Amino acid sequence: MIRVLLADDQTLIRKGFRSLIESAPDLRVVGEAETGAQAVKLARETGADVILMDIRMPEMDGLAATQEITADDALAGARVLVLTTFEIDEYVFRALRAGASGFLGKGVEPRDLLEAIRVVHAGEALLSPKATKGLITRFLSRPVKADTAPSELLEVLTVREREMVAHVATGLSNEEIAEELCVSPYTVKTHVNRAMTKLGARDRAQLVITAYRTGLVRLPGA
């Protein structure tokens, strides 16, 4: 059973998500928060596995709440899934850097929301390879100065692990990476998981951020 915490200042949205989520046999809502501060408090009290986090909330916004949750060692197993509007919202990259495991638009299809919760809980890609590619194209298009040299941060990785991280950062799934490198998906998953462990990454979303922060992967022309 995946325990879900809802954080949104709009009651109707929370109620709608609760109704949908609790219709799934493997998901259960364990709490509702109206503010970022409440979200942090309830995350600690309920032991939620996944927090659906709105960005714009009173007292403490979703970005600050996400950062506080992901920085708490006692909440190491929690995953934050940010809710946003792609067309006007440029907070997605900041949310991921704060430790969020993925993002969704509030107009998401019901079945996609349920699957996204499961995917994020499993520590997989942001939501899908398509979502990862969208993030790279839309939110990493501006040059970002690498704040840690690859030789310093990535030196713990083997050459093969660096190669896997680079492929993950381009938005490829394990199956696509396996096909490109002529290895098994299990081999890819093993290398990716080892890279996550060595880098202290909570999930593949953080591998994407690390790849761009360190300059391991750059956008064409950047």
# chains A, B, ... in the order shown; residues from 1 in each chain; ligands from 1
call {"tool": "closest_atom_pairs", "arguments": {"of": "range 13-128 of chain A", "to": "range 200-206 of chain A", "cutoff": "10 Å", "atoms": "only C-alpha atoms", "output": "JSON lines"}}
result
{"residue": "A:Thr70", "atom": "CA", "partner": "A:Arg202", "partner_atom": "CA", "distance": 8.9}
{"residue": "A:Ala76", "atom": "CA", "partner": "A:Arg202", "partner_atom": "CA", "distance": 8.0}
{"residue": "A:Gly77", "atom": "CA", "partner": "A:Arg202", "partner_atom": "CA", "distance": 8.5}
{"residue": "A:Ala78", "atom": "CA", "partner": "A:Arg202", "partner_atom": "CA", "distance": 9.3}
{"residue": "A:Arg79", "atom": "CA", "partner": "A:Arg202", "partner_atom": "CA", "distance": 8.4}
{"residue": "A:Leu96", "atom": "CA", "partner": "A:Ala205", "partner_atom": "CA", "distance": 7.1}
{"residue": "A:Arg97", "atom": "CA", "partner": "A:Gln206", "partner_atom": "CA", "distance": 7.5}
{"residue": "A:Ala98", "atom": "CA", "partner": "A:Gln206", "partner_atom": "CA", "distance": 9.6}
{"residue": "A:Gly99", "atom": "CA", "partner": "A:Gln206", "partner_atom": "CA", "distance": 7.2}
{"residue": "A:Ala100", "atom": "CA", "partner": "A:Ala205", "partner_atom": "CA", "distance": 7.8}
{"residue": "A:Ser101", "atom": "CA", "partner": "A:Ala205", "partner_atom": "CA", "distance": 5.6}
{"residue": "A:Gly102", "atom": "CA", "partner": "A:Ala205", "partner_atom": "CA", "distance": 6.8}
{"residue": "A:Val120", "atom": "CA", "partner": "A:Asp203", "partner_atom": "CA", "distance": 8.3}
{"residue": "A:His121", "atom": "CA", "partner": "A:Asp203", "partner_atom": "CA", "distance": 9.5}
{"residue": "A:Ala122", "atom": "CA", "partner": "A:Asp203", "partner_atom": "CA", "distance": 8.6}
{"residue": "A:Gly123", "atom": "CA", "partner": "A:Asp203", "partner_atom": "CA", "distance": 4.8}
{"residue": "A:Glu124", "atom": "CA", "partner": "A:Arg204", "partner_atom": "CA", "distance": 5.9}
{"residue": "A:Ala125", "atom": "CA", "partner": "A:Arg204", "partner_atom": "CA", "distance": 5.1}
{"residue": "A:Leu126", "atom": "CA", "partner": "A:Ala205", "partner_atom": "CA", "distance": 5.3}
{"residue": "A:Leu127", "atom": "CA", "partner": "A:Ala205", "partner_atom": "CA", "distance": 9.1}
call {"tool": "write_last_selection", "arguments": {"atoms": "N, CA, C and O atoms", "output": "compact mmCIF listing (two decimals), in the first residue's frame"}}
result
# COMPACT_ATOMS: atom_id res chain seq x y z
N THR A 70 12.97 16.80 1.68
CA THR A 70 14.03 15.98 1.10
C THR A 70 15.35 16.10 1.85
O THR A 70 16.23 15.25 1.72
N ALA A 76 13.79 10.00 4.38
CA ALA A 76 14.57 9.57 3.22
C ALA A 76 13.76 8.73 2.23
O ALA A 76 14.04 8.71 1.04
N GLY A 77 12.73 8.06 2.72
CA GLY A 77 11.93 7.21 1.83
C GLY A 77 10.81 7.95 1.15
O GLY A 77 10.13 7.38 0.27
N ALA A 78 10.58 9.21 1.51
CA ALA A 78 9.47 9.97 0.93
C ALA A 78 9.85 10.52 -0.44
O ALA A 78 10.98 10.91 -0.68
N ARG A 79 8.88 10.55 -1.34
CA ARG A 79 9.07 11.11 -2.68
C ARG A 79 8.07 12.25 -2.88
O ARG A 79 6.90 12.12 -2.55
N LEU A 96 12.87 20.38 -8.88
CA LEU A 96 13.68 19.18 -8.98
C LEU A 96 15.01 19.35 -8.26
O LEU A 96 15.50 18.44 -7.60
N ARG A 97 15.58 20.54 -8.37
CA ARG A 97 16.83 20.80 -7.67
C ARG A 97 16.61 20.81 -6.16
O ARG A 97 17.52 20.53 -5.39
N ALA A 98 15.38 21.13 -5.74
CA ALA A 98 15.06 21.10 -4.31
C ALA A 98 14.88 19.68 -3.82
O ALA A 98 14.81 19.44 -2.61
N GLY A 99 14.80 18.72 -4.76
CA GLY A 99 14.70 17.32 -4.36
C GLY A 99 13.44 16.61 -4.80
O GLY A 99 13.24 15.44 -4.47
N ALA A 100 12.57 17.30 -5.55
CA ALA A 100 11.35 16.64 -6.02
C ALA A 100 11.70 15.51 -6.97
O ALA A 100 12.69 15.57 -7.69
N SER A 101 10.90 14.48 -6.97
CA SER A 101 11.16 13.32 -7.81
C SER A 101 10.46 13.39 -9.16
O SER A 101 10.71 12.56 -10.02
N GLY A 102 9.58 14.35 -9.33
CA GLY A 102 8.89 14.46 -10.60
C GLY A 102 7.89 15.59 -10.58
O GLY A 102 7.79 16.33 -9.61
N VAL A 120 6.90 7.23 -9.34
CA VAL A 120 7.74 8.03 -8.46
C VAL A 120 8.07 7.25 -7.19
O VAL A 120 9.20 7.28 -6.70
N HIS A 121 7.10 6.55 -6.66
CA HIS A 121 7.32 5.74 -5.46
C HIS A 121 8.39 4.68 -5.71
O HIS A 121 9.19 4.36 -4.82
N ALA A 122 8.43 4.16 -6.94
CA ALA A 122 9.42 3.14 -7.29
C ALA A 122 10.80 3.72 -7.57
O ALA A 122 11.76 2.99 -7.78
N GLY A 123 10.91 5.06 -7.60
CA GLY A 123 12.19 5.71 -7.83
C GLY A 123 12.62 5.69 -9.28
O GLY A 123 13.80 5.80 -9.59
N GLU A 124 11.67 5.56 -10.19
CA GLU A 124 11.99 5.51 -11.60
C GLU A 124 12.18 6.91 -12.18
O GLU A 124 12.30 7.88 -11.46
N ALA A 125 12.13 7.02 -13.51
CA ALA A 125 12.32 8.30 -14.20
C ALA A 125 11.27 9.30 -13.73
O ALA A 125 10.27 8.93 -13.13
N LEU A 126 11.50 10.59 -14.07
CA LEU A 126 10.61 11.67 -13.61
C LEU A 126 9.15 11.23 -13.64
O LEU A 126 8.46 11.25 -12.66
N LEU A 127 8.69 10.89 -14.81
CA LEU A 127 7.40 10.23 -14.98
C LEU A 127 7.53 9.24 -16.14
O LEU A 127 7.00 8.17 -16.10
call {"tool": "select_by_dssp", "arguments": {"residues": "chain A", "states": "alpha helix (DSSP H)", "output": "ChimeraX atom specification"}}
result
/A:11-21,36-46,62-70,92-97,110-121,129-139,150-153,159-169,174-181,185-199,204-213
call {"tool": "residues_around", "arguments": {"residues": "Arg162 in chain A", "least_positions_apart": "6", "cutoff": "12 Å", "atoms": "only C-alpha atoms", "output": "list of chain:residue names"}}
result
A:Pro150, A:Ser151, A:Leu153, A:Leu154, A:Glu155, A:Val156, A:Val168, A:Ala169, A:Val188, A:His191, A:Val192, A:Asn193, A:Arg194, A:Ala195, A:Met196, A:Lys198, A:Leu199, A:Leu207, A:Val208, A:Thr210, A:Ala211, A:Thr214, A:Gly215, A:Leu216, A:Val217
call {"tool": "write_last_selection", "arguments": {"atoms": "C-alpha atoms", "output": "short mmCIF file (atom, residue, chain, number, x, y, z; two decimals), in the first residue's frame"}}
result
data_model
loop_
_atom_site.label_atom_id
_atom_site.label_comp_id
_atom_site.auth_asym_id
_atom_site.auth_seq_id
_atom_site.Cartn_x
_atom_site.Cartn_y
_atom_site.Cartn_z
CA PRO A 150 32.79 16.30 -12.98
CA SER A 151 36.22 15.12 -11.83
CA LEU A 153 31.62 14.83 -8.06
CA LEU A 154 31.60 12.01 -10.59
CA GLU A 155 34.99 10.49 -9.86
CA VAL A 156 33.27 7.86 -7.70
CA VAL A 168 19.49 8.70 -18.41
CA ALA A 169 19.93 12.47 -18.70
CA VAL A 188 21.39 -1.01 -17.34
CA HIS A 191 24.57 0.32 -13.33
CA VAL A 192 21.99 3.10 -12.86
CA ASN A 193 21.16 1.93 -9.35
CA ARG A 194 24.85 1.77 -8.44
CA ALA A 195 25.36 5.31 -9.75
CA MET A 196 22.40 6.53 -7.69
CA LYS A 198 27.32 6.34 -5.09
CA LEU A 199 26.01 9.86 -5.80
CA LEU A 207 20.70 11.87 -11.81
CA VAL A 208 19.40 14.14 -14.59
CA THR A 210 23.56 15.98 -11.55
CA ALA A 211 24.46 15.25 -15.17
CA THR A 214 28.44 18.84 -13.53
CA GLY A 215 28.61 19.34 -17.27
CA LEU A 216 28.62 15.59 -17.93
CA VAL A 217 25.83 16.27 -20.42
#
call {"tool": "atom_distance", "arguments": {"atom1": "CA of Leu113 in chain A", "atom2": "CA of Leu20 in chain A"}}
result
9.0 Å
call {"tool": "atom_distance", "arguments": {"atom1": "CA of Gln67 in chain A", "atom2": "CA of Ala95 in chain A"}}
result
8.1 Å
call {"tool": "closest_residue", "arguments": {"among": "A:Ile13, A:Ile55, A:Leu5, A:Glu45", "to": "Gly31 in chain A", "atoms": "only C-alpha atoms"}}
result
A:Leu5
